[in-house]
$ cat coords-v4.cif   # mmCIF, C-alpha atoms
data_upload
loop_
_atom_site.label_atom_id
_atom_site.label_comp_id
_atom_site.auth_asym_id
_atom_site.auth_seq_id
_atom_site.Cartn_x
_atom_site.Cartn_y
_atom_site.Cartn_z
CA MET B 88 9.54 26.44 3.16
CA TYR B 89 9.10 24.39 6.34
CA LYS B 90 9.31 24.62 10.09
CA ILE B 91 11.36 22.21 12.19
CA THR B 92 9.83 21.39 15.56
CA ALA B 93 11.16 19.69 18.68
CA GLY B 94 14.70 20.84 17.94
CA LEU B 95 15.43 18.27 15.22
CA LEU B 96 17.12 19.26 11.97
CA ILE B 97 16.92 16.94 8.95
CA LEU B 98 19.57 17.47 6.27
CA LEU B 99 19.38 15.90 2.84
CA SER B 100 22.13 15.95 0.22
CA ILE B 101 21.32 14.74 -3.29
CA VAL B 102 23.84 13.17 -5.68
CA LEU B 103 22.87 14.12 -9.24
CA THR B 104 25.51 12.29 -11.30
CA LEU B 105 23.81 8.90 -11.21
CA ASP B 106 22.21 6.44 -13.61
CA LEU B 107 18.64 6.92 -12.47
CA GLN B 108 17.46 3.94 -14.50
CA SER B 109 18.52 1.46 -11.82
CA ALA B 110 16.96 1.14 -8.38
CA GLU B 111 20.41 0.74 -6.85
CA ALA B 112 21.59 4.06 -8.32
CA GLN B 113 18.58 5.81 -6.83
CA SER B 114 19.65 4.83 -3.32
CA GLY B 115 22.77 6.95 -2.89
CA GLY B 116 21.36 10.00 -1.14
CA SER B 117 22.65 11.12 2.23
CA GLY B 118 20.34 12.01 5.12
CA ASP B 119 21.23 13.26 8.61
CA VAL B 120 19.28 14.19 11.73
CA TRP B 121 20.87 16.60 14.20
CA ASP B 122 19.67 17.82 17.56
CA VAL B 123 19.70 21.61 18.03
CA GLY B 124 20.25 23.17 21.46
CA PRO B 125 18.95 26.57 22.59
CA ASP B 126 22.38 28.09 21.91
CA GLY B 127 22.62 26.65 18.38
CA THR B 128 24.87 23.76 19.39
CA ILE B 129 24.16 20.74 17.21
CA SER B 130 24.80 17.04 17.82
CA GLN B 131 24.28 14.24 15.36
CA LEU B 132 21.53 11.70 16.04
CA PHE B 133 21.24 9.78 12.79
CA SER B 134 23.03 9.39 9.44
CA ALA B 135 22.32 7.38 6.30
CA ASP B 136 23.76 7.18 2.79
CA ASN B 137 21.18 4.97 1.08
CA TRP B 138 18.21 7.30 0.65
CA PHE B 139 16.67 7.82 -2.77
CA THR B 140 18.36 10.64 -4.67
CA THR B 141 15.17 11.95 -6.29
CA TRP B 142 13.31 13.57 -3.40
CA ASP B 143 12.51 17.23 -4.18
CA ILE B 144 10.16 18.12 -1.34
CA ILE B 145 10.57 17.06 2.30
CA VAL B 146 7.87 18.14 4.75
CA PRO B 147 7.68 17.56 8.51
CA VAL B 148 4.13 16.73 9.62
CA ARG B 149 3.04 17.06 13.25
CA THR B 150 0.56 14.44 14.47
CA ASN B 151 -1.21 13.72 17.73
CA GLY B 152 0.46 10.33 17.89
CA PRO B 153 3.65 9.41 19.73
CA ASN B 154 5.87 10.43 16.79
CA ASN B 155 5.60 13.00 14.04
CA LEU B 156 5.91 12.05 10.36
CA VAL B 157 8.13 13.23 7.52
CA LEU B 158 6.83 13.33 3.95
CA PHE B 159 9.24 12.69 1.06
CA TYR B 160 7.93 13.61 -2.41
CA ASP B 161 9.45 13.17 -5.90
CA THR B 162 7.99 15.80 -8.26
CA ALA B 163 9.04 14.00 -11.47
CA GLU B 164 7.73 10.55 -10.56
CA ARG B 165 4.97 11.87 -8.28
CA THR B 166 5.89 9.26 -5.66
CA ALA B 167 5.32 9.96 -1.97
CA GLN B 168 6.42 8.26 1.22
CA PHE B 169 5.70 8.97 4.88
CA TRP B 170 8.33 7.90 7.38
CA ASN B 171 8.47 7.86 11.16
CA PHE B 172 11.45 9.02 13.16
CA ASP B 173 11.52 7.88 16.77
CA ALA B 174 12.07 10.11 19.82
CA GLN B 175 15.85 9.68 19.47
CA GLY B 176 15.81 10.95 15.87
CA GLN B 177 16.37 7.50 14.37
CA LEU B 178 14.58 6.52 11.15
CA SER B 179 11.92 4.14 12.41
CA ASN B 180 9.53 2.81 9.78
CA GLN B 181 7.80 3.65 6.52
CA VAL B 182 4.06 4.10 7.03
CA TYR B 183 2.96 5.06 3.51
CA ASP B 184 4.15 4.63 -0.10
CA GLY B 185 2.07 5.82 -3.04
CA THR B 186 1.79 7.82 -6.25
CA TRP B 187 0.05 11.19 -6.16
CA ASN B 188 -0.97 13.95 -8.52
CA ALA B 189 1.69 16.44 -9.65
CA TRP B 190 2.41 19.15 -7.07
CA ASP B 191 4.79 22.11 -7.10
CA ILE B 192 4.44 23.14 -3.45
CA ILE B 193 3.42 21.14 -0.38
CA VAL B 194 3.22 22.78 3.04
CA PRO B 195 2.01 21.58 6.44
CA PHE B 196 -0.49 23.78 8.25
CA ASP B 197 -2.96 23.53 11.11
CA PRO B 198 -6.24 25.19 10.13
CA ASP B 199 -8.16 23.97 13.19
CA ASN B 200 -5.32 24.73 15.63
CA ASP B 201 -5.43 21.24 17.17
CA GLY B 202 -1.67 20.64 17.04
CA SER B 203 -1.96 18.12 14.20
CA ASP B 204 -1.08 19.17 10.65
CA GLU B 205 -3.02 18.95 7.45
CA LEU B 206 -1.21 19.27 4.11
CA LEU B 207 -1.85 22.00 1.54
CA PHE B 208 -0.94 21.07 -2.04
CA TYR B 209 -0.52 23.53 -4.91
CA ASN B 210 0.06 23.05 -8.63
CA LYS B 211 0.81 25.99 -10.92
CA ASN B 212 -2.00 24.88 -13.19
CA GLY B 213 -4.26 26.48 -10.57
CA THR B 214 -5.09 23.38 -8.55
CA GLY B 215 -5.15 23.40 -4.76
CA ASN B 216 -5.93 20.58 -2.33
CA VAL B 217 -6.06 20.14 1.42
CA TRP B 218 -5.64 16.65 2.85
CA ASP B 219 -5.88 15.40 6.41
CA VAL B 220 -3.00 13.23 7.62
CA ALA B 221 -3.63 10.55 10.23
CA ASP B 222 -0.99 9.36 12.68
CA ASP B 223 -0.37 6.29 10.52
CA GLY B 224 0.13 8.31 7.32
CA THR B 225 -3.34 7.68 5.94
CA ILE B 226 -4.57 10.75 4.05
CA SER B 227 -8.13 11.89 3.31
CA LEU B 228 -9.28 14.73 1.06
CA LEU B 229 -10.80 17.77 2.78
CA PHE B 230 -10.84 20.42 0.04
CA GLU B 231 -10.02 20.89 -3.63
CA ALA B 232 -10.16 23.77 -6.10
CA ASP B 233 -9.04 24.33 -9.68
CA ASN B 234 -9.34 28.11 -9.94
CA TRP B 235 -6.40 29.36 -7.89
CA PHE B 236 -3.92 31.81 -9.39
CA THR B 237 -1.17 30.05 -11.33
CA THR B 238 1.64 32.40 -10.27
CA TRP B 239 2.20 31.64 -6.59
CA ASP B 240 5.87 30.88 -5.84
CA ILE B 241 5.89 30.91 -2.03
CA ILE B 242 3.20 29.51 0.27
CA VAL B 243 3.74 29.95 4.01
CA PRO B 244 1.59 28.70 6.91
CA VAL B 245 1.29 31.27 9.70
CA ARG B 246 0.17 30.32 13.21
CA THR B 247 -1.97 32.84 15.05
CA ASN B 248 -3.59 33.02 18.47
CA GLY B 249 -7.00 33.23 16.81
CA PRO B 250 -9.41 30.37 16.10
CA ASN B 251 -7.86 29.65 12.69
CA ASN B 252 -4.35 29.90 11.34
CA LEU B 253 -3.51 31.77 8.12
CA VAL B 254 -1.78 30.85 4.86
CA LEU B 255 0.31 33.39 2.93
CA PHE B 256 0.46 33.19 -0.88
CA TYR B 257 3.22 35.27 -2.55
CA ASP B 258 4.06 35.91 -6.21
CA THR B 259 7.76 36.80 -6.53
CA ALA B 260 7.47 38.35 -10.01
CA GLU B 261 4.47 40.59 -9.33
CA ARG B 262 5.25 40.99 -5.60
CA THR B 263 1.59 40.36 -4.76
CA ALA B 264 0.64 38.81 -1.43
CA GLN B 265 -2.59 37.38 -0.05
CA PHE B 266 -3.49 35.92 3.34
CA TRP B 267 -6.30 33.36 3.40
CA ASN B 268 -8.16 31.60 6.17
CA PHE B 269 -9.07 27.93 6.07
CA ASP B 270 -11.80 26.79 8.46
CA ALA B 271 -11.54 23.93 10.96
CA GLN B 272 -12.66 21.46 8.28
CA GLY B 273 -9.85 22.48 5.93
CA GLN B 274 -12.15 24.43 3.61
CA LEU B 275 -10.97 27.70 2.05
CA SER B 276 -12.84 30.29 4.10
CA ASN B 277 -12.04 33.91 3.32
CA GLN B 278 -9.33 36.25 2.09
CA VAL B 279 -8.16 38.56 4.86
CA TYR B 280 -5.41 40.48 3.07
CA ASP B 281 -4.43 41.44 -0.49
CA GLY B 282 -1.50 43.74 -1.21
CA THR B 283 1.76 44.42 -3.05
CA TRP B 284 5.02 44.05 -1.15
CA ASN B 285 8.72 44.56 -1.72
CA ALA B 286 10.62 41.89 -3.64
CA TRP B 287 11.48 38.86 -1.51
CA ASP B 288 13.28 35.63 -2.35
CA ILE B 289 12.53 33.73 0.87
CA ILE B 290 9.77 34.12 3.47
CA VAL B 291 9.62 31.95 6.59
CA PRO B 292 7.43 31.95 9.70
CA PHE B 293 9.08 31.92 13.11
CA ASP B 294 8.17 32.60 16.73
CA PRO B 295 10.95 34.61 18.41
CA ASP B 296 8.91 35.50 21.50
CA ASN B 297 7.57 31.96 22.01
CA ASP B 298 3.94 33.12 22.26
CA GLY B 299 2.55 30.55 19.81
CA SER B 300 1.90 33.19 17.14
CA ASP B 301 4.24 33.55 14.18
CA GLU B 302 6.09 36.53 12.85
CA LEU B 303 7.40 36.52 9.27
CA LEU B 304 11.05 36.82 8.30
CA PHE B 305 11.68 38.18 4.78
CA TYR B 306 14.97 37.87 2.88
CA ASN B 307 16.13 39.34 -0.42
CA LYS B 308 19.44 38.32 -1.97
CA ASN B 309 20.41 41.97 -2.24
CA GLY B 310 21.17 41.64 1.49
CA THR B 311 17.90 42.97 2.88
CA GLY B 312 16.10 41.31 5.79
CA ASN B 313 12.81 42.27 7.42
CA VAL B 314 10.68 40.94 10.28
CA TRP B 315 6.96 41.68 10.39
CA ASP B 316 4.32 40.82 12.96
CA VAL B 317 1.14 39.15 11.67
CA ALA B 318 -2.17 39.72 13.46
CA ASP B 319 -5.00 37.20 13.50
CA ASP B 320 -6.81 39.15 10.76
CA GLY B 321 -3.77 39.24 8.44
CA THR B 322 -2.77 42.81 9.33
CA ILE B 323 1.03 43.11 9.32
CA SER B 324 3.19 45.57 11.25
CA PHE B 325 6.88 46.28 10.84
CA LEU B 326 9.32 45.11 13.56
CA PHE B 327 12.85 45.03 12.12
CA GLU B 328 14.91 45.85 9.03
CA ASP B 329 18.53 45.33 8.02
CA ASN B 330 20.26 45.79 4.66
CA ASN B 331 23.69 44.32 5.31
CA TRP B 332 22.94 40.60 5.42
CA PHE B 333 24.97 38.20 3.31
CA THR B 334 23.63 37.93 -0.22
CA THR B 335 24.32 34.21 -0.62
CA TRP B 336 21.79 32.53 1.68
CA ASP B 337 19.70 29.91 -0.15
CA ILE B 338 17.90 28.22 2.74
CA LEU B 339 16.37 29.78 5.86
CA VAL B 340 14.88 27.40 8.42
CA PRO B 341 13.14 28.33 11.68
CA VAL B 342 13.99 25.95 14.52
CA GLU B 343 11.76 25.92 17.59
CA VAL B 344 13.72 25.40 20.78
CA ASN B 345 11.68 24.25 23.76
CA GLY B 346 10.94 27.17 26.03
CA ALA B 347 13.32 29.52 24.26
CA GLY B 348 11.51 30.78 21.17
CA SER B 349 12.96 30.22 17.72
CA LEU B 350 16.38 30.12 16.19
CA VAL B 351 16.80 30.68 12.46
CA LEU B 352 19.27 28.69 10.40
CA PHE B 353 20.85 30.47 7.42
CA TYR B 354 22.56 28.14 4.92
CA ASP B 355 24.59 28.81 1.76
CA THR B 356 24.42 25.76 -0.53
CA ALA B 357 27.42 26.75 -2.68
CA GLU B 358 29.84 27.50 0.17
CA ARG B 359 28.17 25.06 2.62
CA THR B 360 28.33 27.71 5.32
CA ALA B 361 25.72 27.79 8.07
CA GLN B 362 24.79 30.24 10.81
CA PHE B 363 22.19 30.12 13.57
CA TRP B 364 20.71 33.43 14.70
CA SER B 365 18.30 34.17 17.50
#

$ encode --input "coords-v4.cif" --output "structure tokens"
Amino acid sequence: MYKITAGLLILLSIVLTLDLQSAEAQSGGSGDVWDVGPDGTISQLFSADNWFTTWDIIVPVRTNGPNNLVLFYDTAERTAQFWNFDAQGQLSNQVYDGTWNAWDIIVPFDPDNDGSDELLFYNKNGTGNVWDVADDGTISLLFEADNWFTTWDIIVPVRTNGPNNLVLFYDTAERTAQFWNFDAQGQLSNQVYDGTWNAWDIIVPFDPDNDGSDELLFYNKNGTGNVWDVADDGTISFLFEDNNWFTTWDILVPVEVNGAGSLVLFYDTAERTAQFWS
């Protein structure tokens, strides 16, 4: 799960029928960047067909520098790269290339609410880390733990109007949910919510009213969709429900449009159909 800011949409297609033993074969992945207007109109900014084909996790990272970063991570090889895209959406330069520990989920979040993201890492062996990311892609450890639950499937950062933002942890099998605070130093602070919810396949944060505080959009492949408001203390309140959505959506992406709240992209990977909804 990730949030696209500044109206830029990055699309990655991966070719799987390759000989991954050769470096040349690994460089056949397609990547696009498209601009998204307030009405959902898209226009292409950048296209490439020589990206590695092994990236599993792609994470946009906001910085306080002139350009934001994008993290590319290969779960099998544990390789990571940070890349810059310039203001026109063009791939600019690689600022980091390294090998990390094994991670199942990586999400950007802003515990100190300064507009610059840290990264939260989770491994289903119960390990969790928080790392600071500098404008040049340099990372520094802020927090680590090895006693987290091993069953989290969805981790979602939630912006609030309070002093600290929240992180939602959700177990799809048990339908358990917890909200946690991290303090301004990236340390795990306190649990503010623990409950059992309905079954959900996808959960994404979005900001339809453009107030800087996120609501949560929930989707189940039985065609059910919900929207819930999230208070600073993790209290949630129901806003919207529908049970006639398409059952084939695989990817939901919130897209912030300057001055106009959020759009949400719904994408079906099998049929390659896409819809923007406001």

$ residues_around --input "coords-v4.cif" --residues "stretch 149-161 of chain B" --least-positions-apart "4" --cutoff "6 Å" --atoms "all atoms listed in the file" --output "list in words"
Thr141, Trp142, Asp143, Ile144, Ile145, Arg165, Thr166, Ala167, Gln168, Phe169, Trp170, Asn171, Ser203, Asp204 and Asp222 of chain B

$ closest_residue --input "coords-v4.cif" --among "B:Val148, B:Ser227, B:Asn313, B:Phe236" --to "B:Trp284" --atoms "all atoms listed in the file"
B:Asn313

$ axis_aligned_box --input "coords-v4.cif" --around "stretch 279-285 of chain B" --padding-each-side "5 Å" --output "AutoDock Vina command-line options"
--center_x 0.3 --center_y 41.6 --center_z 0.9 --size_x 26.9 --size_y 16.0 --size_z 17.9

$ residues_around --input "coords-v4.cif" --residues "stretch 355-357 of chain B" --least-positions-apart "6" --cutoff "10 Å" --atoms "only C-alpha atoms" --output "ChimeraX atom specification"
/B:333-339

$ residues_around --input "coords-v4.cif" --residues "B:Leu275" --least-positions-apart "3" --cutoff "12 Å" --atoms "only C-alpha atoms" --output "MDAnalysis selection string"
chainID B and resid 198 207 215:217 229:232 235 251:254 266:272 278:279

$ closest_residue --input "coords-v4.cif" --among "B:Asn137, B:Asp122, B:Ile193, B:Thr128" --to "B:Gln362" --atoms "all atoms listed in the file"
B:Thr128

$ atom_distance --input "coords-v4.cif" --atom1 "atom CA of B:Phe353" --atom2 "atom CA of B:Asp197"
25.1 Å

$ closest_residue --input "coords-v4.cif" --among "B:Asn331, B:Thr322, B:Asn210, B:Ser130" --to "B:Ile192" --atoms "only C-alpha atoms"
B:Asn210

$ resolve_selection --input "coords-v4.cif" --expression "the PyMOL selection byres ((chain B and resi 124) around 10)" --output "number ranges by chain"
B: 94-95, 121-123, 125-130, 342-345, 347, 350

$ atom_distance --input "coords-v4.cif" --atom1 "atom CA of B:Glu328" --atom2 "atom CA of B:Gly312"
5.7 Å
